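Asks: Shown below is the structure under consideration.
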Amino acid sequence: MAALTPADELHIQPDPETLRTASLWLAERCRQRSVPQELIDRLDLCLNEVLANLIDHAGPGVLEIPVELVLDPGDRRGGTPLSLRVRDGGAPFDPTAAPSPTAPTVLAETGIGGLGLVMVRRFCDEMHYRRVNDFNELTLLLAWPQETPDR
């Protein structure tokens, strides 16, 4: 993976007020590295879903510990994907092992929410989870688009 610089990290409090801060940081850092807008949009959607799930489901302790975001642009030419690691102090939760929700069969079974993880799985190419020293570490990976040679 590419070497990280301090500019590649952001520490935020997990609350709704900081979602926009995280999105702006992500977009700025990605643009500085010439990441295509389509990848920025996909990664931003995933980041917002992950942070919203943390705020809503990770337990009261998560609000006390900053969330660490680490962006690694990877290597477009070498085929190393763009990655974003989200490290939080919430309750253990492995989104890679969580079952996908079943589709409702009748309108009465339809509820609000529950599709965030489905969207994250759809918009990132890979997800990796590990629990390290009482912290969740979720890494989202997006493959760089294939460059087509000029004719």
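By convention in this document, the chains of the structure tokens carry letters A, B, ... by their order, each chain's residues are numbered from 1, and ligands are numbered from 1 in the order they are shown.
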For Glu17 of chain A, find every residue with an atom within 12 Å (counting only C-alpha atoms), except residues of its own chain fewer than 5 positions away, and show them as a PyMOL selection string.
Replies: chain A and resi 12+22-23+48+51-52+55
Asks: Skipping near chain neighbours, those fewer than 5 positions away, what residues fall within 12 Å of Pro73 of chain A using only C-alpha atoms, listed as a ChimeraX atom specification?
Replies: /A:1-5,7-9,26,29-36,39-40,43,78-85,140-144
Asks: Can you tell me how far atom CA of Pro95 of chain A sits from atom CA of Tyr129 of chain A, in Å to one decimal?
Replies: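 Separating atom CA of Pro95 of chain A from atom CA of Tyr129 of chain A is a distance of 7.3 Å.
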Asks: Would you compute the distance between atom CA of Glu49 of chain A and atom CA of Val118 of chain A? Give it in Å to one decimal.
Replies: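 Separating atom CA of Glu49 of chain A from atom CA of Val118 of chain A is a distance of 9.9 Å.
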Asks: Among segment 26-149 of chain A, which residues does DSSP mark as helix (DSSP H, G or I) when it is run on the backbone? Keep the chain and numbering as in the structure and answer as number ranges by chain.
Replies: A: 26-32, 37-57, 60-64, 107-109, 116-123
Asks: Mind writing the picked residues with C-alpha atoms as a short mmCIF file (atom, residue, chain, number, x, y, z; two decimals), in the first residue's frame?
Replies:
data_model
loop_
_atom_site.label_atom_id
_atom_site.label_comp_id
_atom_site.auth_asym_id
_atom_site.auth_seq_id
_atom_site.Cartn_x
_atom_site.Cartn_y
_atom_site.Cartn_z
CA LEU A 26 -12.85 12.42 1.70
CA ALA A 27 -13.76 14.31 -1.48
CA GLU A 28 -10.88 16.77 -1.07
CA ARG A 29 -8.28 14.08 -0.43
CA CYS A 30 -9.53 11.96 -3.33
CA ARG A 31 -9.52 14.91 -5.76
CA GLN A 32 -5.93 15.71 -4.74
CA GLN A 37 -15.67 11.22 -9.36
CA GLU A 38 -17.52 7.90 -9.73
CA LEU A 39 -15.19 6.31 -7.15
CA ILE A 40 -15.47 9.31 -4.84
CA ASP A 41 -19.27 9.09 -4.97
CA ARG A 42 -19.27 5.35 -4.23
CA LEU A 43 -16.80 5.66 -1.37
CA ASP A 44 -18.67 8.64 0.11
CA LEU A 45 -21.95 6.72 0.10
CA CYS A 46 -20.24 3.81 1.88
CA LEU A 47 -18.58 6.10 4.41
CA ASN A 48 -21.87 7.83 5.25
CA GLU A 49 -23.67 4.51 5.71
CA VAL A 50 -20.91 3.12 7.93
CA LEU A 51 -20.84 6.27 10.09
CA ALA A 52 -24.64 6.42 10.32
CA ASN A 53 -24.72 2.79 11.44
CA LEU A 54 -22.06 3.54 14.06
CA ILE A 55 -24.06 6.44 15.42
CA ASP A 56 -27.31 4.45 15.49
CA HIS A 57 -26.17 0.95 16.52
CA PRO A 60 -23.36 4.53 23.91
CA GLY A 61 -19.60 4.10 24.35
CA VAL A 62 -18.94 4.82 20.68
CA LEU A 63 -19.78 8.49 21.17
CA GLU A 64 -16.88 8.91 23.60
CA LEU A 107 -46.08 -4.45 1.73
CA ALA A 108 -46.93 -4.84 5.43
CA GLU A 109 -43.49 -6.43 6.01
CA GLY A 116 -27.39 0.46 4.54
CA LEU A 117 -25.23 -2.64 4.66
CA VAL A 118 -26.73 -3.84 1.39
CA MET A 119 -25.70 -0.55 -0.25
CA VAL A 120 -22.18 -0.70 1.20
CA ARG A 121 -21.73 -4.24 -0.10
CA ARG A 122 -22.97 -3.17 -3.51
CA PHE A 123 -20.87 -0.02 -3.88
#
